[in-house]
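Below is work38.csv, which holds CSV, C-alpha atoms.
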```
chain,number,residue,atom,x,y,z
E,224,MET,CA,130.3,154.4,97.9
E,225,HIS,CA,128.1,152.4,100.2
E,226,THR,CA,127.9,148.6,100.2
E,227,LYS,CA,125.7,146.0,101.8
E,228,HIS,CA,128.1,146.4,104.8
E,229,GLY,CA,127.3,150.1,105.1
E,230,VAL,CA,129.6,153.1,104.9
E,231,ALA,CA,133.0,153.2,106.5
E,232,ILE,CA,134.3,156.5,107.6
E,233,GLU,CA,137.2,157.7,109.7
E,234,VAL,CA,136.9,160.5,112.2
E,235,ALA,CA,139.9,161.7,114.2
E,236,GLY,CA,141.7,158.4,113.4
E,237,PHE,CA,138.8,156.2,114.5
E,238,PRO,CA,137.2,154.0,111.9
E,239,ILE,CA,133.4,154.1,112.2
E,240,ARG,CA,130.9,152.0,110.3
E,241,ILE,CA,127.4,153.2,109.6
E,242,LYS,CA,124.9,150.5,108.6
E,243,SER,CA,121.2,150.7,107.7
E,244,ASP,CA,118.6,148.8,105.8
E,245,ALA,CA,117.5,152.0,104.1
E,246,PRO,CA,119.4,152.6,100.9
E,247,ASP,CA,118.3,156.3,100.8
E,248,PHE,CA,120.0,156.9,104.2
E,249,LEU,CA,123.2,155.1,103.2
E,250,HIS,CA,123.4,157.1,100.0
E,251,LEU,CA,123.0,160.3,102.0
E,252,VAL,CA,125.8,159.2,104.4
E,253,ALA,CA,128.1,158.2,101.5
E,254,THR,CA,127.6,161.5,99.7
E,255,ARG,CA,127.9,163.8,102.7
E,256,THR,CA,130.9,162.1,104.3
E,257,ALA,CA,132.8,161.3,101.1
E,258,TRP,CA,135.9,163.1,102.4
E,259,LEU,CA,136.0,161.0,105.5
E,260,THR,CA,135.8,157.6,103.6
E,261,ALA,CA,137.8,154.9,105.3
E,262,ALA,CA,139.1,151.6,103.8
E,263,GLU,CA,136.3,149.1,103.5
E,264,ASP,CA,138.3,146.6,105.6
E,265,ALA,CA,139.1,149.0,108.4
E,266,ARG,CA,138.1,147.4,111.7
E,267,PRO,CA,135.5,149.9,113.2
E,268,VAL,CA,135.8,150.9,116.8
E,269,VAL,CA,132.1,151.7,116.6
E,270,THR,CA,129.3,150.5,114.4
E,271,ILE,CA,126.2,152.6,114.1
E,272,ASP,CA,123.0,150.7,113.1
E,273,TYR,CA,120.6,153.3,111.8
E,274,THR,CA,116.8,152.7,111.5
E,275,LEU,CA,115.2,155.3,109.3
E,276,VAL,CA,111.9,156.8,110.4
E,277,PRO,CA,109.9,159.7,108.9
E,278,GLY,CA,110.5,163.0,110.8
E,279,ALA,CA,112.0,166.4,110.9
E,280,HIS,CA,115.5,167.0,109.5
E,281,GLU,CA,116.5,169.9,111.8
E,282,TRP,CA,119.6,170.0,113.9
E,283,PRO,CA,118.2,170.2,117.5
E,284,ARG,CA,118.7,173.8,118.6
E,285,GLU,CA,119.6,174.3,122.2
E,286,GLY,CA,116.6,175.4,124.2
E,287,GLU,CA,114.2,174.7,121.4
E,288,ALA,CA,114.4,170.9,121.0
E,289,PRO,CA,115.6,169.5,124.3
E,290,LEU,CA,118.3,166.9,124.0
E,291,SER,CA,118.7,164.4,126.8
E,292,ILE,CA,121.9,162.4,127.4
E,293,GLU,CA,121.4,159.7,130.1
E,294,ARG,CA,123.7,157.0,131.2
E,295,SER,CA,122.5,153.6,132.5
E,296,GLY,CA,125.0,150.8,133.1
E,297,THR,CA,127.2,150.6,130.0
E,298,GLU,CA,124.7,152.4,127.8
E,299,THR,CA,124.3,156.0,127.1
E,300,ARG,CA,121.0,157.1,125.6
E,301,ILE,CA,120.9,160.3,123.4
E,302,ALA,CA,117.3,161.3,122.8
E,303,GLY,CA,115.3,164.2,121.4
E,304,ASP,CA,112.2,165.0,119.5
E,305,GLY,CA,111.9,162.2,116.9
E,306,PHE,CA,115.3,160.5,117.4
E,307,VAL,CA,117.1,158.3,119.8
E,308,ALA,CA,120.5,156.6,119.9
E,309,VAL,CA,121.7,154.1,122.4
E,310,VAL,CA,125.5,153.9,122.6
E,311,ASP,CA,127.3,151.0,124.2
E,312,LEU,CA,131.1,151.6,124.0
E,313,GLU,CA,131.9,148.3,125.6
E,314,THR,CA,130.5,146.4,122.6
E,315,GLY,CA,131.2,149.3,120.2
E,316,ARG,CA,127.5,149.2,119.1
E,317,VAL,CA,125.2,152.2,118.6
E,318,CYS,CA,121.5,151.6,117.8
E,319,ALA,CA,120.1,154.8,116.3
E,320,THR,CA,116.6,155.7,115.1
E,321,GLY,CA,115.9,158.9,113.3
E,322,PRO,CA,114.9,160.8,110.2
E,323,LEU,CA,116.7,161.0,106.8
E,324,SER,CA,119.3,163.4,108.0
E,325,LEU,CA,122.9,163.2,109.4
E,326,PHE,CA,122.5,165.2,112.5
E,327,LEU,CA,122.0,162.2,114.7
E,328,ILE,CA,125.2,160.6,113.3
E,329,ASP,CA,127.0,163.9,114.1
E,330,LEU,CA,125.6,163.9,117.6
E,331,VAL,CA,126.7,160.4,118.2
E,332,ILE,CA,130.2,161.1,117.0
E,333,ARG,CA,130.4,164.2,119.3
E,334,VAL,CA,129.4,162.0,122.2
E,335,ILE,CA,131.7,159.0,121.5
E,336,LEU,CA,134.9,160.8,120.5
E,337,PRO,CA,135.7,162.2,124.0
E,338,GLU,CA,135.3,158.6,125.3
E,339,LEU,CA,137.8,157.3,122.8
E,340,PHE,CA,140.5,159.9,123.1
E,341,ASP,CA,143.5,159.1,125.1
E,342,ASP,CA,145.5,162.2,124.9
E,343,ALA,CA,143.2,164.7,123.3
E,344,LEU,CA,140.0,166.7,123.9
E,345,LEU,CA,137.3,168.2,121.7
E,346,LEU,CA,137.0,172.0,122.0
E,347,HIS,CA,134.3,174.3,120.8
E,348,CYS,CA,136.5,176.9,119.0
E,349,CYS,CA,137.6,178.3,115.7
E,350,VAL,CA,141.2,178.0,114.6
E,351,LEU,CA,143.4,180.5,112.7
E,352,GLY,CA,146.5,179.1,111.1
E,353,HIS,CA,149.7,180.9,110.2
E,354,ASP,CA,153.2,180.1,109.1
E,355,THR,CA,154.5,178.7,112.4
E,356,GLY,CA,151.4,177.6,114.2
E,357,ALA,CA,147.8,178.2,115.2
E,358,TRP,CA,145.7,180.5,117.3
E,359,VAL,CA,142.8,178.7,119.0
E,360,CYS,CA,139.9,181.1,119.6
E,361,SER,CA,137.2,179.8,121.9
E,362,GLY,CA,134.1,181.1,123.7
E,363,PRO,CA,130.4,180.5,124.0
E,364,SER,CA,128.1,180.9,121.0
E,365,GLY,CA,127.9,184.6,120.1
E,366,ALA,CA,131.3,185.4,121.4
E,367,GLY,CA,132.7,186.1,118.0
E,368,LYS,CA,134.2,182.9,116.5
E,369,SER,CA,132.4,183.2,113.2
E,370,THR,CA,132.9,186.9,113.1
E,371,LEU,CA,136.6,186.5,113.6
E,372,LEU,CA,136.9,183.9,110.8
E,373,SER,CA,134.9,186.1,108.4
E,374,LEU,CA,137.4,188.9,109.1
E,375,LEU,CA,140.4,186.7,108.5
E,376,PRO,CA,139.3,184.2,105.9
E,377,ASP,CA,142.8,183.5,104.6
E,378,LEU,CA,143.8,182.2,108.1
E,379,ALA,CA,140.7,180.1,108.7
E,380,VAL,CA,141.4,176.5,109.5
E,381,CYS,CA,138.3,175.4,111.4
E,382,ASP,CA,135.1,177.0,112.4
E,383,GLU,CA,133.5,175.1,115.2
E,384,LEU,CA,135.1,172.0,116.7
E,385,ALA,CA,138.8,171.1,117.0
E,386,ILE,CA,140.8,168.4,118.6
E,387,LEU,CA,143.4,169.7,121.0
E,388,HIS,CA,146.1,167.2,121.8
E,389,ARG,CA,149.6,166.6,123.0
E,390,ARG,CA,151.9,165.9,120.0
E,391,ARG,CA,155.5,165.3,120.7
E,392,ASN,CA,155.0,167.2,124.0
E,393,THR,CA,153.7,170.2,122.2
E,394,PRO,CA,150.1,171.5,122.4
E,395,SER,CA,148.6,170.9,118.9
E,396,VAL,CA,145.3,171.3,117.2
E,397,ARG,CA,143.6,169.9,114.2
E,398,PRO,CA,140.1,170.3,112.8
E,399,LEU,CA,137.7,167.6,113.9
E,400,TRP,CA,136.6,167.0,110.4
E,401,ALA,CA,140.1,166.6,108.9
E,402,GLU,CA,140.8,163.9,106.4
E,403,GLY,CA,143.2,161.1,107.4
E,404,ARG,CA,144.9,160.2,110.7
E,405,THR,CA,147.6,162.8,111.0
E,406,SER,CA,146.8,165.6,108.5
E,407,GLY,CA,146.3,169.2,109.5
E,408,SER,CA,147.9,169.2,112.9
E,409,LEU,CA,149.3,172.6,113.9
E,410,GLU,CA,151.2,173.7,117.0
E,411,VAL,CA,149.0,175.9,119.3
E,412,GLU,CA,150.8,179.2,119.8
E,413,ARG,CA,148.1,180.9,121.9
E,414,ILE,CA,144.6,180.4,123.0
E,415,PHE,CA,142.2,183.3,122.9
E,416,LEU,CA,139.0,183.6,124.9
E,417,LEU,CA,136.7,185.8,122.7
E,418,GLU,CA,134.5,188.7,123.6
E,419,HIS,CA,132.9,191.3,121.5
E,420,GLY,CA,133.8,194.9,122.4
E,421,ASP,CA,134.1,198.4,121.2
E,422,ARG,CA,137.8,198.3,120.6
E,423,HIS,CA,140.5,195.7,120.2
E,424,CYS,CA,142.3,194.7,123.4
E,425,ARG,CA,143.8,191.7,125.0
E,426,ARG,CA,144.8,190.7,128.5
E,427,ALA,CA,146.6,187.7,129.8
E,428,VAL,CA,144.4,185.2,131.6
E,429,GLY,CA,145.6,183.2,134.6
E,430,PRO,CA,145.4,179.4,134.6
E,431,SER,CA,142.4,179.2,136.9
E,432,GLU,CA,140.3,181.5,134.9
E,433,GLY,CA,141.6,179.8,131.7
E,434,PHE,CA,140.6,176.4,133.0
E,435,ARG,CA,137.2,177.5,134.1
E,436,ARG,CA,136.3,179.2,130.8
E,437,LEU,CA,137.8,176.5,128.6
E,438,SER,CA,136.1,173.8,130.6
E,439,ARG,CA,132.7,175.3,129.5
E,440,GLU,CA,133.7,174.9,125.9
E,441,THR,CA,135.2,171.4,126.2
E,442,ASN,CA,133.1,168.5,125.1
E,443,TRP,CA,133.4,166.4,128.3
E,444,PRO,CA,132.8,162.6,128.2
E,445,VAL,CA,129.5,161.4,129.7
E,446,THR,CA,129.9,157.7,130.0
E,447,GLY,CA,132.6,157.1,132.6
E,448,ALA,CA,135.0,158.4,135.2
E,449,GLU,CA,138.2,157.3,133.4
E,450,ALA,CA,137.4,159.3,130.3
E,451,THR,CA,136.6,162.4,132.4
E,452,ARG,CA,139.9,161.9,134.2
E,453,ARG,CA,141.8,161.7,130.9
E,454,THR,CA,140.1,164.8,129.5
E,455,PHE,CA,140.8,166.7,132.8
E,456,LYS,CA,144.5,165.8,132.6
E,457,VAL,CA,144.7,166.9,128.9
E,458,LEU,CA,143.0,170.2,129.6
E,459,SER,CA,145.2,170.9,132.7
E,460,TRP,CA,148.3,170.1,130.6
E,461,LEU,CA,147.2,172.4,127.7
E,462,ILE,CA,146.6,175.3,130.1
E,463,ASP,CA,150.0,174.7,131.7
E,464,HIS,CA,151.7,174.8,128.3
E,465,THR,CA,149.8,177.5,126.4
E,466,PRO,CA,149.5,181.2,126.9
E,467,ILE,CA,145.9,182.2,127.3
E,468,TRP,CA,144.5,185.6,126.5
E,469,ASN,CA,141.2,187.3,126.7
E,470,LEU,CA,140.5,189.0,123.4
E,471,ARG,CA,138.0,191.7,123.1
E,472,PHE,CA,137.5,192.9,119.5
E,473,THR,CA,135.4,194.8,117.1
E,474,PRO,CA,134.5,193.6,113.6
E,475,ASP,CA,137.6,195.0,112.0
E,476,PRO,CA,140.5,193.0,110.3
E,477,GLY,CA,142.9,195.1,112.3
E,478,VAL,CA,142.3,192.6,115.1
E,479,LEU,CA,145.0,190.5,113.5
E,480,GLU,CA,147.6,192.9,114.7
E,481,VAL,CA,146.4,192.3,118.3
E,482,ILE,CA,146.2,188.5,117.9
E,483,GLY,CA,149.7,188.2,116.4
E,484,ARG,CA,151.5,190.8,118.6
N,47,MET,CA,123.4,169.8,155.4
N,48,MET,CA,124.3,172.2,158.2
N,49,HIS,CA,127.1,171.3,160.6
N,50,ASN,CA,128.1,172.6,163.9
N,51,SER,CA,131.7,173.7,163.4
N,52,GLU,CA,132.5,172.9,167.0
N,53,ASP,CA,131.5,169.3,166.4
N,54,SER,CA,133.4,169.2,163.0
N,55,SER,CA,136.6,170.3,164.7
N,56,ASN,CA,136.8,166.9,166.4
N,57,ARG,CA,135.8,164.8,163.4
N,58,ARG,CA,138.3,163.2,161.1
N,59,PHE,CA,138.1,163.5,157.4
N,60,ILE,CA,139.7,162.0,154.4
N,61,ARG,CA,139.4,162.6,150.6
N,62,GLY,CA,136.5,161.0,148.9
N,63,GLU,CA,136.7,158.4,146.1
N,64,ARG,CA,136.4,159.0,142.4
N,65,LEU,CA,138.1,162.3,142.4
N,66,ALA,CA,140.9,163.7,140.3
N,67,TRP,CA,142.9,166.9,141.0
N,68,GLN,CA,145.6,168.9,139.4
N,69,THR,CA,147.5,172.0,140.3
N,70,VAL,CA,146.4,174.8,138.0
N,71,GLY,CA,148.5,177.9,138.5
N,72,GLU,CA,148.5,178.5,142.3
N,73,GLU,CA,145.2,176.7,142.8
N,74,THR,CA,144.0,173.1,142.8
N,75,VAL,CA,141.2,172.0,140.6
N,76,VAL,CA,139.4,169.0,141.9
N,77,VAL,CA,137.0,167.1,139.7
N,78,ASP,CA,134.3,164.8,141.1
N,79,LEU,CA,134.4,162.1,138.5
N,80,GLY,CA,131.0,160.8,139.5
N,81,LYS,CA,129.1,164.1,139.3
N,82,ASN,CA,131.2,165.7,136.6
N,83,GLN,CA,131.7,168.8,138.7
N,84,ALA,CA,135.0,170.8,139.0
N,85,TYR,CA,136.0,172.9,142.0
N,86,SER,CA,138.9,175.3,142.3
N,87,LEU,CA,140.6,175.6,145.7
N,88,ASN,CA,142.5,178.7,146.7
N,89,ARG,CA,146.1,178.3,147.9
N,90,CYS,CA,145.3,177.9,151.5
N,91,ALA,CA,142.7,175.3,150.6
N,92,SER,CA,145.2,173.6,148.3
N,93,VAL,CA,147.6,173.1,151.2
N,94,LEU,CA,144.9,171.5,153.3
N,95,TRP,CA,143.8,169.4,150.4
N,96,GLU,CA,147.2,167.9,150.2
N,97,GLN,CA,147.0,166.9,153.8
N,98,LEU,CA,143.6,165.2,153.5
N,99,GLU,CA,145.3,162.2,151.9
N,100,ASN,CA,145.5,161.2,155.6
N,101,ALA,CA,142.7,161.3,158.1
N,102,SER,CA,142.7,164.8,159.5
N,103,THR,CA,140.8,166.9,162.0
N,104,ALA,CA,140.3,170.6,161.8
N,105,ASP,CA,142.8,170.9,164.6
N,106,ASP,CA,145.4,168.9,162.7
N,107,LEU,CA,145.0,171.2,159.6
N,108,ALA,CA,144.7,174.4,161.6
N,109,SER,CA,148.1,173.6,163.1
N,110,LEU,CA,149.6,173.9,159.6
N,111,LEU,CA,148.6,177.5,159.3
N,112,ASP,CA,150.8,179.9,161.3
N,113,ASP,CA,149.8,182.8,163.4
N,114,ALA,CA,149.8,185.1,160.5
N,115,HIS,CA,146.4,183.6,159.5
N,116,GLY,CA,144.9,184.8,162.8
N,117,SER,CA,144.3,183.5,166.3
N,118,ARG,CA,144.4,179.7,166.7
N,119,GLU,CA,140.6,179.7,167.4
N,120,SER,CA,139.7,181.7,164.4
N,121,VAL,CA,141.9,179.6,162.1
N,122,LYS,CA,140.3,176.5,163.5
N,123,ARG,CA,136.9,177.9,162.8
N,124,ASP,CA,137.8,178.7,159.2
N,125,VAL,CA,139.2,175.3,158.7
N,126,ALA,CA,136.2,173.5,160.3
N,127,SER,CA,133.9,175.6,158.1
N,128,PHE,CA,135.9,174.7,155.0
N,129,LEU,CA,135.8,171.0,155.9
N,130,ASP,CA,132.0,171.2,156.4
N,131,GLU,CA,131.7,172.7,152.9
N,132,LEU,CA,133.9,169.9,151.4
N,133,GLU,CA,131.9,167.3,153.1
N,134,ASP,CA,128.6,168.8,151.9
N,135,ILE,CA,129.7,168.6,148.3
N,136,GLY,CA,131.2,165.1,148.7
N,137,LEU,CA,134.9,165.9,148.2
N,138,ILE,CA,135.8,164.5,151.7
N,139,VAL,CA,134.2,161.9,153.9
N,140,ALA,CA,134.2,161.4,157.7
N,141,THR,CA,136.4,158.5,158.7
N,142,ASP,CA,137.0,156.4,161.8
N,143,ARG,CA,140.6,156.0,160.9
N,144,PRO,CA,143.0,157.4,163.4
N,145,SER,CA,144.7,160.6,162.6
N,146,SER,CA,148.1,159.5,161.1
N,147,GLY,CA,150.0,162.4,162.6
N,148,GLN,CA,151.9,162.6,159.3
N,149,HIS,CA,150.9,166.2,158.5
N,150,ARG,CA,153.8,168.1,157.1
N,151,GLN,CA,154.3,171.8,157.2
N,152,PRO,CA,153.8,173.1,153.6
N,153,GLU,CA,156.9,174.0,151.7
N,154,THR,CA,155.3,177.2,150.6
N,155,PRO,CA,153.0,178.6,153.3
N,156,PRO,CA,149.8,180.0,152.0
N,157,PRO,CA,149.5,183.8,152.1
N,158,PRO,CA,147.9,185.1,155.3
N,159,GLY,CA,144.5,186.8,155.2
N,160,ASP,CA,143.0,184.4,152.7
N,161,PRO,CA,141.2,181.6,154.5
N,162,PRO,CA,140.7,178.2,152.8
N,163,ARG,CA,137.8,178.4,150.4
N,164,ILE,CA,136.4,177.1,147.1
N,165,LEU,CA,136.9,179.8,144.5
N,166,TRP,CA,134.5,178.5,141.8
N,167,GLN,CA,132.7,175.4,140.7
N,168,GLU,CA,131.7,174.3,137.2
N,169,GLU,CA,129.6,171.5,135.8
N,170,LEU,CA,131.6,169.6,133.1
N,171,ARG,CA,129.1,169.0,130.4
N,172,ALA,CA,129.0,167.3,127.0
N,173,CYS,CA,128.6,170.4,124.8
N,174,VAL,CA,127.4,168.3,121.9
N,175,MET,CA,124.9,170.8,120.6
N,176,GLN,CA,127.3,173.7,120.0
N,177,GLY,CA,127.0,175.1,116.5
N,178,SER,CA,125.1,173.3,113.7
N,179,CYS,CA,125.2,169.9,112.0
N,180,SER,CA,128.7,169.3,110.6
N,181,PHE,CA,127.2,167.5,107.6
N,182,GLY,CA,124.7,170.2,106.7
N,183,PRO,CA,125.1,173.0,104.2
N,184,GLY,CA,127.5,175.8,105.0
N,185,THR,CA,129.6,173.5,107.1
N,186,ALA,CA,132.6,171.2,106.7
N,187,CYS,CA,130.9,169.3,103.9
N,188,GLU,CA,129.8,172.3,101.9
N,189,THR,CA,132.2,171.5,99.1
N,190,ILE,CA,130.8,168.0,98.8
N,191,PRO,CA,128.2,167.8,96.0
N,192,PRO,CA,124.7,167.6,97.5
N,193,GLY,CA,123.1,164.2,97.3
N,194,PRO,CA,119.7,163.7,95.8
N,195,PHE,CA,118.1,163.7,99.3
N,196,GLY,CA,119.0,167.2,100.3
N,197,PRO,CA,121.1,168.2,103.4
```
Transcribe the structure of this file into structure tokens.
Amino acid sequence: MHTKHGVAIEVAGFPIRIKSDAPDFLHLVATRTAWLTAAEDARPVVTIDYTLVPGAHEWPREGEAPLSIERSGTETRIAGDGFVAVVDLETGRVCATGPLSLFLIDLVIRVILPELFDDALLLHCCVLGHDTGAWVCSGPSGAGKSTLLSLLPDLAVCDELAILHRRRNTPSVRPLWAEGRTSGSLEVERIFLLEHGDRHCRRAVGPSEGFRRLSRETNWPVTGAEATRRTFKVLSWLIDHTPIWNLRFTPDPGVLEVIGR
Amino acid sequence: MMHNSEDSSNRRFIRGERLAWQTVGEETVVVDLGKNQAYSLNRCASVLWEQLENASTADDLASLLDDAHGSRESVKRDVASFLDELEDIGLIVATDRPSSGQHRQPETPPPPGDPPRILWQEELRACVMQGSCSFGPGTACETIPPGPFGP
């Protein structure tokens, strides 16, 4: 339900308010983010003022619709074909202009979360959950994350973005788009770096290679040195506390035996 | 920028500002927080990196590596070349501060035969465009009834 004050949602424990003069846009936000609804009186860490303009609705595909992220002073400007958002985390204000679609809200959230995290990072990965913990499977687009989830649907927890964090000194993971502040956190048992192959096999990955490959899939902060320092510290800690494997697999559910071995 | 290693061997260097580093396995990963670049230093380079907390010349640093790393002159050349590389990418800066003379022998000497070097470097990017819109069809909100305005 949206009100004249906009729509209040909560992502990764952070209250965010989305305001607009356009009722159509607010209705879309309220409908599509219903499972993230926050209390109306929650004090937002960020307020997004959205100005609706006619335009395309497409998620900007890498290489097809260039996205620029530029920092100037306290402001970070996210711009692409037909949309722009200016983020000022010092004031907690975001001024966004875009079409009747939520992709710009999604982009803004992906940019601001790494700045807000204290002891966590946002990783491009899928997550498989089991009785005692989770296996985090990461890799570039096309490495096999969606394939793996389709092979093991009963274990699927999250298909694209997850929050890795230190919870009671244990590496933990939760889906980015989980409801509530603490729900859905699982202990990370192993991290797999995925590759397609002609048979299932895995090999242990050393910390340096693990850092390098995971750093490519980490959504790093863009607005300041301190946030980058925090993310670096969290990633180093995770690598120090989690076994990392390279997993080569074929599209066959038998891969579970290799993952869980 | 190219340097003459003979000249570099007499210059003093110290770590730059806006850097963070962590030991990762047997290596050291250094992040330039201003440029969002990460560099991994091998074991020998990690030993030298520790010492660069204090103003150091190539001579100071070469003296920490024992004869197993080669002749004194060849070790000094390797170290000077490594310092040039670090200076070029901005991880160290030349300084007028006097050499502190506080260089300590490493507790675990680096293995011989592997001169100091940068093993890899990576740009740390905001990977915000990975995947598709989280609020579109087929994603996290698929179970949410579609609104009247489409995805």
Distance-based interface of chain E with chain N, 7 Å, counting all atoms listed in the file, as number ranges by chain: E: 251, 254-255, 282, 285, 324-326, 329-330, 333-334, 383, 400, 430-431, 438-445, 448, 451-452, 459
All residues 10 Å or closer to stretch 375-378 of chain E, all atoms listed in the file, same chain fewer than 3 positions away omitted, as number ranges by chain: E: 350-354, 357-358, 369-372, 381, 475-479
For E:Ile239: contacts at 7 Å, all atoms listed in the file, fewer than 3 positions along chain excluded, given as a ChimeraX atom specification: /E:231-233,267-270
Please produce a file of the residues just selected, as a PDB file, in the frame of the given file, where the atoms kept are C-alpha atoms.
```pdb
ATOM      1  CA  ALA E 231     133.000 153.200 106.500  1.00  0.00           C
ATOM      2  CA  ILE E 232     134.300 156.500 107.600  1.00  0.00           C
ATOM      3  CA  GLU E 233     137.200 157.700 109.700  1.00  0.00           C
ATOM      4  CA  PRO E 267     135.500 149.900 113.200  1.00  0.00           C
ATOM      5  CA  VAL E 268     135.800 150.900 116.800  1.00  0.00           C
ATOM      6  CA  VAL E 269     132.100 151.700 116.600  1.00  0.00           C
ATOM      7  CA  THR E 270     129.300 150.500 114.400  1.00  0.00           C
TER       8      THR E 270
END
```
Between atom CA of E:Leu416 and atom CA of E:Val234, distance in Å (one decimal):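 Pair atom CA of E:Leu416 / atom CA of E:Val234 returns 26.4 Å.
Candidate residues E:Ala319, E:Val428, E:Ile414, E:Ile241 were compared for distance to E:Leu461, and the nearest is E:Ile414, using all atoms listed in the file.
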Spatial neighbours of N:Val125, 10 Å, all atoms listed in the file, chain gap at least 2 places, as a PyMOL selection string: chain N and resi 51+54-55+90-91+94+103-108+111+119-123+127-131+161-163
Please identify all polymer residues within 8 Å of E:Arg413, counting only C-alpha atoms, omitting same-chain residues fewer than 5 positions from it, and present them as a tab-separated table (two decimals) with C-alpha atoms, keeping the file's coordinate frame.
```tsv
chain	number	residue	atom	x	y	z
E	357	ALA	CA	147.80	178.20	115.20
E	358	TRP	CA	145.70	180.50	117.30
E	359	VAL	CA	142.80	178.70	119.00
E	465	THR	CA	149.80	177.50	126.40
E	466	PRO	CA	149.50	181.20	126.90
E	467	ILE	CA	145.90	182.20	127.30
E	468	TRP	CA	144.50	185.60	126.50
```
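For the pair atom CA of E:Ala343 and atom CA of E:Glu412, the separation is 16.7 Å.
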Atomic distance atom CA of E:Asn392 - atom CA of E:Gly407, expressed in Å with one decimal: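 Atom CA of E:Asn392 sits 17.0 Å away from atom CA of E:Gly407.
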All residues 12 Å or closer to E:Val457, only C-alpha atoms, same chain fewer than 6 positions away omitted, as a PyMOL selection string: (chain E and resi 337+340-346+386-390+392-395+434+437-438+441+443+450-451+463-464) or (chain N and resi 68)
Residue nearest E:Asp247 among E:Leu275, E:Ile335, E:Ala262, E:Val481 (counting all atoms listed in the file): E:Leu275
From E:Ala427, E:Leu384, E:Ile462, E:Ile292, residue lying nearest E:Ala308 [all atoms listed in the file]: E:Ile292
Counting all atoms listed in the file, the residue of E:Pro238, E:Gly315, E:Pro277, E:Gly362 that sits nearest E:Gly433: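 For E:Gly433, the nearest of the given residues is E:Gly362.
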Would you place a box with edges along x, y and z of the file around all atoms of stretch 53-70 of chain N listed there, add 6 Å to each of its six sides, and report the centre and edge lengths in Å to one decimal, as AutoDock Vina command-line options?
```
--center_x 139.5 --center_y 166.6 --center_z 152.2 --size_x 28.0 --size_y 28.4 --size_z 40.4
```
Nearest to E:Gly303, chosen from E:Glu432, E:His228, E:Val380, E:Gly321, with only C-alpha atoms counted in the distances: E:Gly321
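Nearest-residue note for E:Ile271: choosing from E:Ala302, E:Leu339, E:Val309, E:Cys318, the minimum distance belongs to E:Cys318, counting only C-alpha atoms.
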